[in-house]
Every structure is written in structure tokens, then in C-alpha cells.
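Listing of coords-v3.txt; format and content: compact mmCIF, C-alpha atoms.
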# COMPACT_ATOMS: atom_id res chain seq x y z
CA MET A 142 -2.83 -35.75 -11.62
CA GLU A 143 -4.65 -33.51 -14.02
CA GLN A 144 -8.03 -33.01 -15.62
CA ASN A 145 -9.28 -31.00 -18.55
CA HIS A 146 -10.29 -27.37 -18.16
CA LYS A 147 -13.88 -26.42 -18.78
CA GLN A 148 -14.17 -25.44 -22.42
CA ASP A 149 -17.69 -24.03 -22.67
CA GLU A 150 -17.16 -20.62 -21.08
CA GLN A 151 -13.42 -20.32 -21.62
CA GLY A 152 -13.34 -21.05 -25.33
CA ASP A 153 -9.76 -21.57 -26.50
CA VAL A 154 -8.11 -19.31 -23.91
CA PHE A 155 -6.54 -22.37 -22.25
CA ALA A 156 -5.50 -24.01 -25.53
CA GLY A 157 -1.95 -25.31 -25.35
CA PHE A 158 -1.58 -24.94 -21.60
CA ARG A 159 -1.22 -27.81 -19.17
CA THR A 160 -4.50 -29.26 -18.01
CA ALA A 161 -5.87 -28.26 -14.62
CA PHE A 162 -4.77 -30.05 -11.46
CA LYS A 163 -7.11 -32.90 -10.53
CA SER A 164 -9.75 -32.14 -7.87
CA PHE A 165 -8.31 -28.66 -7.20
CA ALA A 166 -11.67 -27.07 -6.35
CA THR A 167 -12.72 -30.01 -4.20
CA GLU A 168 -9.50 -29.87 -2.19
CA ALA A 169 -9.72 -26.08 -1.83
CA ILE A 170 -13.18 -26.44 -0.34
CA HIS A 171 -12.69 -29.52 1.86
CA VAL A 172 -9.07 -30.21 2.88
CA GLY A 173 -8.43 -29.03 6.44
CA GLN A 174 -12.05 -27.99 6.85
CA GLU A 175 -13.46 -31.24 8.25
CA PRO A 176 -16.40 -30.52 10.65
CA GLU A 177 -15.39 -33.53 12.76
CA GLN A 178 -12.41 -31.63 14.16
CA TRP A 179 -14.78 -29.40 16.16
CA LYS A 180 -17.11 -30.48 18.94
CA SER A 181 -19.73 -28.20 17.37
CA MET A 182 -19.33 -29.94 13.97
CA ALA A 183 -19.11 -26.47 12.37
CA VAL A 184 -19.05 -26.71 8.57
CA VAL A 185 -17.08 -23.45 8.34
CA PRO A 186 -13.94 -23.47 10.53
CA PRO A 187 -14.41 -21.02 13.41
CA ILE A 188 -12.07 -18.12 14.16
CA SER A 189 -10.03 -19.15 17.18
CA LEU A 190 -9.00 -15.84 18.78
CA SER A 191 -7.66 -17.30 22.02
CA THR A 192 -3.98 -16.58 22.56
CA THR A 193 -3.52 -19.47 24.99
CA PHE A 194 -4.98 -22.94 25.55
CA LYS A 195 -5.79 -24.87 28.73
CA GLN A 196 -3.56 -27.84 29.48
CA ASN A 197 -4.66 -31.04 31.21
CA GLY A 198 -1.46 -30.91 33.24
CA PRO A 199 1.98 -29.30 32.97
CA GLY A 200 3.10 -29.92 29.38
CA ASN A 201 0.07 -32.10 28.67
CA HIS A 202 -1.86 -30.11 26.06
CA ALA A 203 -4.34 -31.00 23.32
CA GLY A 204 -2.13 -29.84 20.44
CA PHE A 205 -2.08 -26.13 21.15
CA GLU A 206 -0.21 -24.11 23.78
CA TYR A 207 0.17 -20.54 22.58
CA SER A 208 -1.25 -18.98 19.44
CA ARG A 209 2.09 -17.88 17.99
CA SER A 210 3.26 -21.49 18.11
CA GLY A 211 0.06 -22.91 16.65
CA ASN A 212 -3.54 -21.90 16.14
CA PRO A 213 -6.57 -24.00 15.07
CA THR A 214 -7.71 -21.50 12.41
CA ARG A 215 -4.19 -21.18 11.02
CA ASN A 216 -3.89 -24.96 10.90
CA CYS A 217 -6.98 -25.16 8.66
CA LEU A 218 -5.45 -22.69 6.22
CA GLU A 219 -2.03 -24.35 6.19
CA LYS A 220 -3.53 -27.79 5.49
CA ALA A 221 -5.62 -26.42 2.62
CA VAL A 222 -2.70 -24.56 0.99
CA ALA A 223 -0.41 -27.59 1.30
CA ALA A 224 -2.97 -29.65 -0.60
CA LEU A 225 -3.33 -27.03 -3.34
CA ASP A 226 0.44 -26.80 -3.78
CA GLY A 227 0.79 -30.58 -3.93
CA ALA A 228 2.91 -30.28 -0.78
CA LYS A 229 3.24 -32.14 2.52
CA TYR A 230 3.54 -28.98 4.57
CA CYS A 231 2.69 -25.29 4.61
CA ILE A 232 3.36 -22.52 7.11
CA ALA A 233 1.57 -19.16 7.15
CA LEU A 234 3.41 -15.92 7.91
CA ALA A 235 2.40 -12.33 8.57
CA SER A 236 3.25 -11.10 5.04
CA GLY A 237 5.07 -12.09 1.88
CA LEU A 238 8.18 -10.33 3.14
CA ALA A 239 7.84 -12.09 6.50
CA ALA A 240 7.95 -15.32 4.49
CA THR A 241 11.07 -14.09 2.65
CA VAL A 242 12.77 -13.12 5.92
CA THR A 243 11.86 -16.43 7.58
CA ILE A 244 13.23 -18.46 4.67
CA THR A 245 16.43 -16.41 4.55
CA HIS A 246 16.99 -16.99 8.28
CA MET A 247 17.87 -20.59 7.41
CA LEU A 248 21.21 -19.17 6.24
CA LYS A 249 24.18 -17.82 8.17
CA ALA A 250 26.71 -15.05 7.51
CA GLY A 251 28.94 -15.90 4.56
CA ASP A 252 26.32 -17.98 2.76
CA GLY A 253 25.40 -17.00 -0.79
CA ILE A 254 22.06 -16.19 -2.39
CA VAL A 255 21.43 -16.00 -6.13
CA CYS A 256 18.26 -14.06 -6.91
CA MET A 257 16.42 -13.52 -10.17
CA ASP A 258 17.37 -10.07 -11.44
CA ASP A 259 13.80 -8.86 -11.91
CA VAL A 260 11.80 -9.35 -8.72
CA TYR A 261 9.30 -7.63 -6.48
CA GLY A 262 10.79 -4.36 -5.21
CA GLY A 263 10.49 -5.42 -1.57
CA THR A 264 12.45 -8.62 -2.25
CA ASN A 265 15.18 -6.64 -4.00
CA ARG A 266 15.31 -4.13 -1.14
CA TYR A 267 15.48 -6.84 1.53
CA PHE A 268 18.29 -8.76 -0.16
CA GLN A 269 20.33 -5.66 -1.06
CA ARG A 270 19.86 -3.48 1.99
CA ILE A 271 19.28 -5.92 4.85
CA ALA A 272 20.48 -9.43 3.99
CA ARG A 273 23.82 -8.10 2.71
CA GLU A 274 24.30 -6.07 5.88
CA LEU A 275 23.79 -9.26 7.89
CA GLY A 276 26.69 -10.89 6.06
CA LEU A 277 24.90 -12.78 3.31
CA GLN A 278 26.45 -12.61 -0.16
CA VAL A 279 23.70 -11.72 -2.61
CA SER A 280 24.02 -11.69 -6.41
CA PHE A 281 21.43 -11.27 -9.14
CA ALA A 282 21.12 -13.19 -12.41
CA ASP A 283 18.67 -13.42 -15.28
CA CYS A 284 17.36 -16.94 -14.71
CA THR A 285 15.60 -16.96 -18.07
CA GLN A 286 19.12 -17.61 -19.41
CA PRO A 287 20.40 -20.80 -17.73
CA GLU A 288 24.02 -20.03 -18.57
CA LYS A 289 23.83 -16.84 -16.50
CA LEU A 290 22.34 -18.69 -13.56
CA LYS A 291 25.03 -21.36 -13.82
CA ALA A 292 27.77 -18.72 -13.86
CA ALA A 293 26.31 -17.09 -10.74
CA LEU A 294 26.43 -20.29 -8.65
CA LYS A 295 29.37 -20.39 -6.24
CA ASP A 296 30.72 -22.83 -3.67
CA ASN A 297 28.95 -20.91 -0.91
CA THR A 298 25.58 -20.64 -2.70
CA LYS A 299 22.89 -21.96 -0.38
CA LEU A 300 19.71 -20.40 -1.80
CA VAL A 301 18.43 -19.63 -5.29
CA TRP A 302 15.44 -17.28 -5.43
CA ILE A 303 13.28 -17.46 -8.54
CA GLU A 304 10.25 -15.32 -9.31
CA THR A 305 8.14 -16.27 -12.30
CA PRO A 306 6.53 -14.46 -13.95
CA THR A 307 8.66 -11.62 -12.69
CA ASN A 308 7.44 -8.36 -11.24
CA PRO A 309 7.03 -6.14 -13.16
CA THR A 310 8.48 -7.13 -16.54
CA MET A 311 6.77 -10.54 -16.68
CA LYS A 312 9.81 -12.65 -17.56
CA VAL A 313 9.03 -16.37 -17.34
CA VAL A 314 11.63 -18.72 -15.85
CA ASP A 315 11.78 -22.43 -16.71
CA ILE A 316 11.47 -23.80 -13.16
CA LYS A 317 12.29 -27.40 -14.07
CA ALA A 318 15.40 -26.51 -16.06
CA CYS A 319 16.70 -24.12 -13.40
CA SER A 320 16.00 -26.51 -10.52
CA GLU A 321 17.83 -29.32 -12.30
CA LEU A 322 20.78 -27.05 -13.10
CA VAL A 323 21.05 -25.81 -9.51
CA HIS A 324 20.71 -29.24 -7.92
CA GLU A 325 23.28 -30.67 -10.34
CA HIS A 326 25.69 -28.00 -9.12
CA ASN A 327 24.88 -28.82 -5.48
CA LYS A 328 21.93 -30.94 -4.39
CA ASP A 329 21.81 -29.08 -1.05
CA ILE A 330 21.07 -25.66 -2.54
CA VAL A 331 17.49 -24.70 -1.72
CA VAL A 332 15.51 -23.49 -4.75
CA VAL A 333 12.71 -21.10 -3.80
CA VAL A 334 10.01 -20.02 -6.25
CA ASP A 335 7.92 -16.95 -5.54
CA ASN A 336 4.59 -18.11 -6.95
CA THR A 337 2.65 -14.94 -6.03
CA PHE A 338 1.68 -13.96 -9.57
CA MET A 339 0.48 -17.43 -10.52
CA SER A 340 -1.34 -18.79 -7.46
CA ALA A 341 -1.52 -22.52 -6.77
CA TYR A 342 -4.22 -22.87 -9.44
CA PHE A 343 -1.97 -22.02 -12.38
CA GLN A 344 1.47 -23.29 -11.26
CA ARG A 345 2.96 -25.88 -8.89
CA PRO A 346 6.70 -25.17 -8.48
CA LEU A 347 7.33 -28.15 -6.19
CA ALA A 348 6.20 -30.55 -8.92
CA LEU A 349 8.71 -28.87 -11.24
CA GLY A 350 11.68 -29.44 -8.94
CA ALA A 351 11.69 -26.46 -6.58
CA ASP A 352 12.27 -27.07 -2.87
CA ILE A 353 10.07 -24.25 -1.56
CA CYS A 354 7.02 -22.49 -2.99
CA MET A 355 6.21 -19.15 -1.39
CA TYR A 356 3.55 -16.48 -1.82
CA SER A 357 2.49 -13.10 -0.84
CA ALA A 358 -0.99 -14.44 -0.12
CA THR A 359 -2.08 -10.80 -0.02
CA LYS A 360 -2.54 -11.16 -3.76
CA TYR A 361 -4.33 -13.95 -5.65
CA MET A 362 -4.40 -16.60 -2.94
CA ASN A 363 -6.59 -14.40 -0.72
CA GLY A 364 -7.88 -12.45 -3.69
CA HIS A 365 -9.95 -9.79 -1.95
CA SER A 366 -7.40 -7.06 -1.09
CA ASP A 367 -8.23 -7.29 2.60
CA VAL A 368 -5.45 -9.49 4.03
CA VAL A 369 -1.66 -9.10 4.27
CA MET A 370 -0.10 -12.57 4.55
CA GLY A 371 2.66 -14.90 3.38
CA LEU A 372 2.61 -18.65 2.70
CA VAL A 373 5.44 -21.17 2.38
CA SER A 374 4.94 -24.75 1.13
CA MET A 375 7.42 -27.62 0.96
CA ASN A 376 7.75 -31.41 0.82
CA ARG A 377 11.09 -31.94 2.56
CA ASP A 378 10.82 -32.86 6.24
CA ASP A 379 14.08 -31.07 7.14
CA LEU A 380 12.96 -27.80 5.57
CA TYR A 381 9.60 -27.98 7.32
CA GLU A 382 11.16 -28.64 10.72
CA ARG A 383 13.56 -25.71 10.31
CA LEU A 384 10.93 -23.30 8.95
CA LYS A 385 8.34 -24.35 11.53
CA PHE A 386 10.91 -23.55 14.23
CA LEU A 387 11.65 -20.17 12.63
CA GLN A 388 7.95 -19.39 12.25
CA ASN A 389 7.62 -19.68 16.02
CA ALA A 390 11.03 -18.31 16.99
CA LEU A 391 10.87 -15.21 14.78
CA GLY A 392 7.17 -14.79 15.44
CA GLY A 393 6.04 -13.36 12.11
CA VAL A 394 2.66 -15.08 12.20
CA PRO A 395 -0.71 -13.93 10.82
CA SER A 396 -3.78 -13.30 12.95
CA PRO A 397 -6.51 -15.97 13.18
CA PHE A 398 -8.95 -13.57 11.54
CA ASP A 399 -6.65 -13.08 8.53
CA CYS A 400 -6.23 -16.86 8.31
CA PHE A 401 -10.00 -17.22 8.26
CA LEU A 402 -10.30 -14.67 5.43
CA CYS A 403 -7.55 -16.23 3.34
CA ASN A 404 -8.99 -19.70 3.89
CA ARG A 405 -12.31 -18.38 2.63
CA GLY A 406 -10.61 -16.81 -0.39
CA LEU A 407 -9.19 -20.18 -1.41
CA LYS A 408 -12.68 -21.56 -1.91
CA THR A 409 -13.19 -19.44 -5.04
CA LEU A 410 -9.57 -19.39 -6.24
CA HIS A 411 -10.23 -21.63 -9.23
CA LEU A 412 -13.19 -19.53 -10.37
CA ARG A 413 -11.38 -16.24 -9.88
CA MET A 414 -8.20 -17.27 -11.70
CA GLU A 415 -10.09 -18.48 -14.77
CA ARG A 416 -11.92 -15.13 -14.99
CA HIS A 417 -8.69 -13.18 -14.41
CA PHE A 418 -7.11 -15.06 -17.32
CA LYS A 419 -10.06 -14.52 -19.63
CA ASN A 420 -10.25 -10.78 -18.88
CA ALA A 421 -6.50 -10.27 -19.07
CA MET A 422 -6.26 -12.03 -22.41
CA ALA A 423 -8.95 -9.75 -23.84
CA ALA A 424 -7.22 -6.67 -22.43
CA ALA A 425 -3.80 -7.77 -23.67
CA LYS A 426 -5.09 -8.38 -27.19
CA PHE A 427 -6.79 -4.98 -27.19
CA LEU A 428 -3.64 -3.18 -26.05
CA GLU A 429 -1.38 -5.06 -28.47
CA ALA A 430 -3.57 -4.00 -31.39
CA ASP A 431 -3.63 -0.32 -30.36
CA PRO A 432 -1.10 1.93 -32.19
CA ARG A 433 -0.67 4.09 -29.07
CA VAL A 434 0.92 1.15 -27.24
CA GLU A 435 4.60 0.43 -27.86
CA ARG A 436 4.70 -3.12 -26.52
CA VAL A 437 2.58 -5.48 -24.43
CA ILE A 438 4.16 -8.08 -22.12
CA PHE A 439 1.67 -10.80 -21.29
CA PRO A 440 2.77 -14.47 -21.12
CA GLY A 441 -0.53 -15.62 -22.60
CA LEU A 442 0.24 -13.90 -25.91
CA PRO A 443 2.34 -15.67 -28.57
CA SER A 444 4.44 -12.49 -28.76
CA HIS A 445 5.84 -13.10 -25.27
CA PRO A 446 9.46 -14.36 -25.45
CA GLN A 447 8.77 -17.25 -23.07
CA HIS A 448 5.22 -18.05 -24.20
CA GLU A 449 6.12 -21.70 -24.87
CA VAL A 450 7.71 -22.09 -21.42
CA MET A 451 4.57 -20.64 -19.87
CA LYS A 452 2.36 -23.14 -21.67
CA ARG A 453 4.65 -26.01 -20.76
CA GLN A 454 4.75 -25.41 -16.99
CA CYS A 455 1.48 -23.61 -16.23
CA THR A 456 -2.24 -24.32 -16.50
CA GLY A 457 -3.06 -20.70 -17.42
CA CYS A 458 -2.10 -17.06 -16.93
CA PRO A 459 -2.95 -14.60 -14.17
CA GLY A 460 -4.43 -11.15 -14.70
CA MET A 461 -1.08 -9.34 -14.77
CA ILE A 462 -0.15 -7.26 -17.82
CA THR A 463 2.64 -4.79 -18.30
CA PHE A 464 2.89 -2.53 -21.31
CA TYR A 465 4.84 0.43 -22.63
CA ILE A 466 2.73 3.35 -23.71
CA LYS A 467 4.13 5.43 -26.57
CA GLY A 468 5.52 8.79 -25.55
CA LYS A 469 7.06 9.91 -22.27
CA LEU A 470 6.31 9.99 -18.56
CA GLU A 471 3.59 12.58 -19.17
CA HIS A 472 1.70 10.13 -21.40
CA ALA A 473 1.92 7.33 -18.81
CA THR A 474 0.76 9.75 -16.13
CA ALA A 475 -2.13 10.96 -18.26
CA PHE A 476 -3.22 7.40 -18.97
CA LEU A 477 -3.18 6.44 -15.30
CA SER A 478 -4.82 9.65 -14.11
CA ASN A 479 -7.72 9.25 -16.53
CA LEU A 480 -8.63 5.68 -15.68
CA LYS A 481 -12.13 5.55 -14.24
CA MET A 482 -12.78 1.93 -13.24
CA PHE A 483 -9.16 0.87 -12.70
CA ALA A 484 -7.84 2.26 -9.43
CA ILE A 485 -4.30 3.66 -9.28
CA ALA A 486 -2.95 1.56 -6.45
CA GLU A 487 -0.13 -0.76 -5.46
CA SER A 488 -0.60 -4.49 -4.91
CA LEU A 489 -2.47 -6.85 -7.22
CA GLY A 490 -4.54 -10.01 -7.44
CA GLY A 491 -7.80 -8.72 -5.97
CA TYR A 492 -11.18 -8.90 -7.63
CA GLU A 493 -10.90 -5.22 -8.59
CA SER A 494 -8.78 -3.91 -11.47
CA LEU A 495 -5.70 -1.91 -10.47
CA ALA A 496 -3.09 0.07 -12.40
CA GLU A 497 0.26 1.42 -11.30
CA HIS A 498 3.55 2.99 -12.42
CA PRO A 499 6.36 0.65 -11.26
CA ALA A 500 9.22 3.17 -11.56
CA ILE A 501 7.43 5.61 -9.25
CA MET A 502 5.43 3.21 -7.08
CA THR A 503 6.19 -0.49 -6.46
CA HIS A 504 9.81 -0.48 -7.69
CA ALA A 505 10.95 2.96 -6.57
CA SER A 506 13.27 1.24 -4.04
CA VAL A 507 15.17 -0.46 -6.89
CA PRO A 508 18.22 1.69 -7.81
CA GLU A 509 17.57 3.77 -10.93
CA LYS A 510 20.48 2.19 -12.84
CA GLU A 511 19.10 -1.28 -12.20
CA ARG A 512 15.59 -0.19 -13.20
CA SER A 513 16.99 1.05 -16.50
CA VAL A 514 18.73 -2.27 -17.20
CA LEU A 515 15.55 -4.20 -16.36
CA GLY A 516 13.39 -2.03 -18.61
CA ILE A 517 11.43 -0.41 -15.79
CA SER A 518 11.13 2.89 -17.64
CA ASP A 519 8.92 5.96 -17.30
CA THR A 520 6.50 4.57 -19.89
CA LEU A 521 6.04 1.14 -18.29
CA ILE A 522 2.58 0.56 -16.80
CA ARG A 523 1.46 -2.49 -14.81
CA LEU A 524 -2.14 -3.67 -14.77
CA SER A 525 -3.80 -6.12 -12.43
CA VAL A 526 -6.89 -7.02 -14.43
CA GLY A 527 -9.82 -7.83 -12.17
CA LEU A 528 -13.10 -9.69 -12.41
CA GLU A 529 -15.30 -6.96 -13.85
CA ASP A 530 -17.14 -7.32 -17.14
CA GLU A 531 -14.73 -7.65 -20.04
CA ALA A 532 -16.37 -4.89 -22.10
CA ASP A 533 -16.09 -2.41 -19.23
CA ILE A 534 -12.39 -3.19 -18.77
CA ILE A 535 -11.69 -2.55 -22.46
CA GLU A 536 -13.78 0.61 -22.45
CA ASP A 537 -11.82 2.05 -19.53
CA LEU A 538 -8.47 1.27 -21.13
CA GLU A 539 -9.58 2.82 -24.42
CA GLN A 540 -10.84 6.08 -22.92
CA ALA A 541 -7.62 6.44 -20.88
CA LEU A 542 -5.55 5.95 -24.04
CA ASP A 543 -7.71 8.58 -25.72
CA ALA A 544 -6.88 10.99 -22.91
CA ALA A 545 -3.15 10.24 -23.08
CA HIS A 546 -2.98 10.55 -26.87
CA PRO A 547 -5.96 12.76 -27.84
CA LYS A 548 -4.68 13.47 -31.36
CA ASN A 549 -4.02 9.88 -32.27
CA LYS A 550 -7.47 8.34 -32.02
What would the structure in this file look like if it were written as C-alpha cells?
Amino acid sequence: MEQNHKQDEQGDVFAGFRTAFKSFATEAIHVGQEPEQWKSMAVVPPISLSTTFKQNGPGNHAGFEYSRSGNPTRNCLEKAVAALDGAKYCIALASGLAATVTITHMLKAGDGIVCMDDVYGGTNRYFQRIARELGLQVSFADCTQPEKLKAALKDNTKLVWIETPTNPTMKVVDIKACSELVHEHNKDIVVVVDNTFMSAYFQRPLALGADICMYSATKYMNGHSDVVMGLVSMNRDDLYERLKFLQNALGGVPSPFDCFLCNRGLKTLHLRMERHFKNAMAAAKFLEADPRVERVIFPGLPSHPQHEVMKRQCTGCPGMITFYIKGKLEHATAFLSNLKMFAIAESLGGYESLAEHPAIMTHASVPEKERSVLGISDTLIRLSVGLEDEADIIEDLEQALDAAHPKNK
């Protein structure tokens, strides 16, 4: 169910995109937060730090035994995220990579994984340097081209890993088309979508045919750069039972305090994402018009190769922009070093604006040959546009470009 975006503040920035999910803000604020679940009737769910819970008799407990297996504060978060993803279930993990590892543990040696070719560096590293060593057969394919995905599917393929938009080159994958293609090949293949860049507010992979939606909640879902966490949502009972078992058996769970913080972050997710989109669109248009910039990759711009796919499956765009600055590594370095408001830092999705150099920072673990094929060059810069005033964001980008190309003002 959907409803129209606000149009007064946002102008036409959302024009052409899917309409917002019905009652998103209401569900973010209220689902799983019911005061009646606490004897104190607390409006804000308390932080339950206890590691163990008293039982009425041996094996006769009130829903909680040990905090790794289940925690009241974590339950509140998981219920809220499930609602926002349009899912029946959600489990919270200690990090995005903990979520990746937990999902992959559903497989056994000899099983095959097909992964999008351009993904977060940590995902690439895990699949190539750990999963393969454990006997899993991992291949990579450009899922923006369905024929390449189809060719990569084998008899032993059990998992397809999609990231969209991709990190860092912002490719957009048609989730519905890929899910249908994969399930036509074998209905039992599990399609996972890493929804980190989009958040639940802008994209619902499960509604588009994916079996699992996962996040590094460290980014937009928490949104304050103060929590490391992973989230996994699903509708299938069998997947939930298996992943719930693995959550407990592997033990990669988040702390109650981090669950409290992320739960709080969800309450402003809708407001934050709309501002991220507005600011990023302004920044992308500024950069695209500047002669010192070679190319801007932002799915909200008509120049993006998959702009129409983005509008068809999403309700908006996040604050992520990548662009190629003209020149060489020294020009990219000069640009980054002269930013004043943007911080040079890894990660993304917080309220503050960040900038980084993927080839040297977030994707250094990706083999150089693969980086070259993917377009992760020395002049590629990734921005996470924050919630500051639009004019100040543009001013900082402009003065950094002036420093990188002083003779080309």
C-alpha cells in the first residue's frame, strides 16, 4: 500500500518515483514499541542489559532465557524493522558482515553463490577469501544484464547476492526481473538483496520478489554513525527458522544498547532519507554541470544508465554519489584533502557528509585487476551527502574543486 509523498518542501525531486509506502512513519514510531508490553508502561522501550532471565521453574520461562538467544530490546527493534520492510520476520546481527556470514552459513561445501560483480569491499573479500576456502563455489556477474546472471546460474547455485545500488559505482539492478529469472531457473535458490544504500524507506526488495533483505544497519537505518549492526528480513517461515537458529548458534548478535540506538534511529528514518535525497540531488546537479568533473553517477539523474529502473522500483534516492574528477590521483587527493565540511572517512549514511577514495579506502581489498574492470579508478570519489544545509554542501564541493583545479575556475 502506498501514499503520495509530501510535495510542498520536496518540490519535484520525487517526480516519477514510486509513491511512499503507506503509514511508514507511523509504523516506524509505533510497531514493537507498545507500552503495554512493560509493567512500567514505558513509552520508550527500555534497554534490557540483563544477560539472563529468571525462570518460574526448569524450562518454564517468560519468553527469554539468555540474551544471545533473545533480548527484549532487540525484539522491539526486530519487530519494527520487519514492519518497515513489509516482512513477517527480522533478525538483528552484530554487523552487516555478521549478517552476510549468518546468511551464507545456510549453505554447505559444494554449494554455489552468484554475487553481483560490484559490491561492498567487505562482501567481496568474504566471498573470495573466506567462503571459497570453506568449499563454497563463488562466481560474480553483472546483474544489470540479465543474460549474464542467467549464464552464471548453475545446477549447484543456492544463493544469489544482489546489491543495488552497488557500492561504489552505483549500478542499479532490476530486483523483480532478476528474482523472476533466478526462481524460474530454480525456485529454491535464495535471492538476497543488500538494501544498505536504500534503507527500508526507499526500497522494499521482498515486495519485488527477493527472499531476503539485508542491511548494514550501521548506515542509513541507524543513521547516526554510532552503531555497528546488521539486519536481515524475510517472509518465508523456513528461512526465518534457519536464520533464527544460526543467529543463536553462531552468536553474532548486537548489544541491547546498540539495538536501542538503532530503534531510535528508525523513528526519523523517513525525515532523514527525504533530506538526504534533496541534498544529494542538488549536489549531483552541481557536480554534473562543473567542467572539472568527468562524470557523475547518481541514480536520481536522468543521465544514470538505470534511471528508469530506479524510478520503477524505488520511492526515492539515498545520499550516495560517485563521480570521476578530471585529472589523476593527485587531483582526487587534492579535492579530498581540501574539503572542509565533508569529512574524509569510510562508511556512509549518517547525518554528516562524508567523502572517500574507494580504490585506496573502502575497496582496497578488491584485487586491482577487478577494480579496473569495475571502474574503481584513481579518480573515482564517493560522497555520502548528509543533512547539512544545501548551500553549505555545494560551497564545500566548489572550494575543494577550486583547490584541485586552481587554473580552471
> Which protein, DNA or RNA residues are at most 7 Å from (-17.8, -25.9, 12.4) in the file's coordinates when you count only C-alpha atoms, listed as a list of chain:residue names?
Replying inline: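 In the file's frame, the residues around the point are A:Pro176, A:Trp179, A:Ser181, A:Met182, A:Ala183, A:Val184, A:Val185, A:Pro186, A:Pro187.
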> Out of A:Glu219, A:Glu288, A:Glu274, A:Asp258, which residue has the shortest atom-to-atom distance to Asn404 of chain A when counting only C-alpha atoms?
Replying inline: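 Nearest candidate to Asn404 of chain A out of A:Glu219, A:Glu288, A:Glu274, A:Asp258: A:Glu219.
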Interface rows for segment 290-312 of chain A against segment 231-252 of chain A: nearest pair, Å to one decimal, 9 Å, all atoms listed in the file, as a Markdown table:
| residue | atom | partner | partner_atom | distance |
| --- | --- | --- | --- | --- |
| A:Asn297 | CA | A:Asp252 | CA | 5.4 |
| A:Thr298 | CA | A:Asp252 | CA | 6.1 |
| A:Lys299 | CA | A:Asp252 | CA | 6.1 |
| A:Leu300 | CA | A:Thr245 | CA | 8.2 |
>> Show me, as an MDAnalysis selection string, the residues that have an atom within 10 Å of Glu429 of chain A when counting all atoms listed in the file, minus same-chain residues fewer than 5 positions from it.
In response: chainID A and resid 424 434:439 442 444 464
Could those selected residues go to a file with C-alpha atoms, as a short mmCIF file (atom, residue, chain, number, x, y, z; two decimals), in the frame of the given file?
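Written output follows (result.cif):
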data_model
loop_
_atom_site.label_atom_id
_atom_site.label_comp_id
_atom_site.auth_asym_id
_atom_site.auth_seq_id
_atom_site.Cartn_x
_atom_site.Cartn_y
_atom_site.Cartn_z
CA ALA A 424 -7.22 -6.67 -22.43
CA VAL A 434 0.92 1.15 -27.24
CA GLU A 435 4.60 0.43 -27.86
CA ARG A 436 4.70 -3.12 -26.52
CA VAL A 437 2.58 -5.48 -24.43
CA ILE A 438 4.16 -8.08 -22.12
CA PHE A 439 1.67 -10.80 -21.29
CA LEU A 442 0.24 -13.90 -25.91
CA SER A 444 4.44 -12.49 -28.76
CA PHE A 464 2.89 -2.53 -21.31
#
> Using only C-alpha atoms, which of A:Met422, A:Val373, A:Ile254, A:Val222 sits nearest Leu290 of chain A?
Replying inline: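 Smallest distance to Leu290 of chain A is found for A:Ile254.
Distances from A:Asn327, A:Phe205, A:Leu407, A:Cys400 to Thr167 of chain A were compared using all atoms listed in the file, and the smallest one belongs to A:Leu407.
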>> List the spatial neighbours of segment 330-346 of chain A as a VMD selection string - criterion: any atom at most 6 Å away, only C-alpha atoms, same-chain residues fewer than 5 positions off excluded.
In response: chain A and resid 225 to 226 299 to 304 351 to 357 361 to 362 455 to 457 459
>> Given all atoms listed in the file as the basis, pick out the residue of A:Leu294, A:Ile188, A:Ala282, A:Leu349 nearest to Asn212 of chain A.
In response: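 Distance minimum relative to Asn212 of chain A lands on A:Ile188.
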Output, as lines of an AutoDock Vina configuration file, the centre and edge lengths in Å (one decimal) of the axis-aligned box that contains all listed atoms of segment 302-309 of chain A with 4 Å of margin on each side.
center_x = 11.0
center_y = -11.8
center_z = -9.7
size_x = 16.9
size_y = 19.3
size_z = 16.5
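Between atom CA of Ala161 of chain A and atom CA of Glu493 of chain A there is a distance of 24.3 Å.
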> Which protein, DNA or RNA residues have an atom at most 12 Å from (-2.4, 15.3, -18.6), counting only C-alpha atoms? List them as a count of residues only.
Replying inline: 19
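The shortest atom-to-atom distance to Thr160 of chain A, with all atoms listed in the file taken into account, belongs to A:Arg453 out of A:Leu380, A:Arg453, A:Cys284, A:Lys312.
For the atom pair formed by atom CA of Ile462 of chain A and atom CA of Leu489 of chain A, the distance is 10.9 Å, given to one decimal.
Here atom CA of Gln278 of chain A stands at a distance of 17.1 Å from atom CA of Val323 of chain A.
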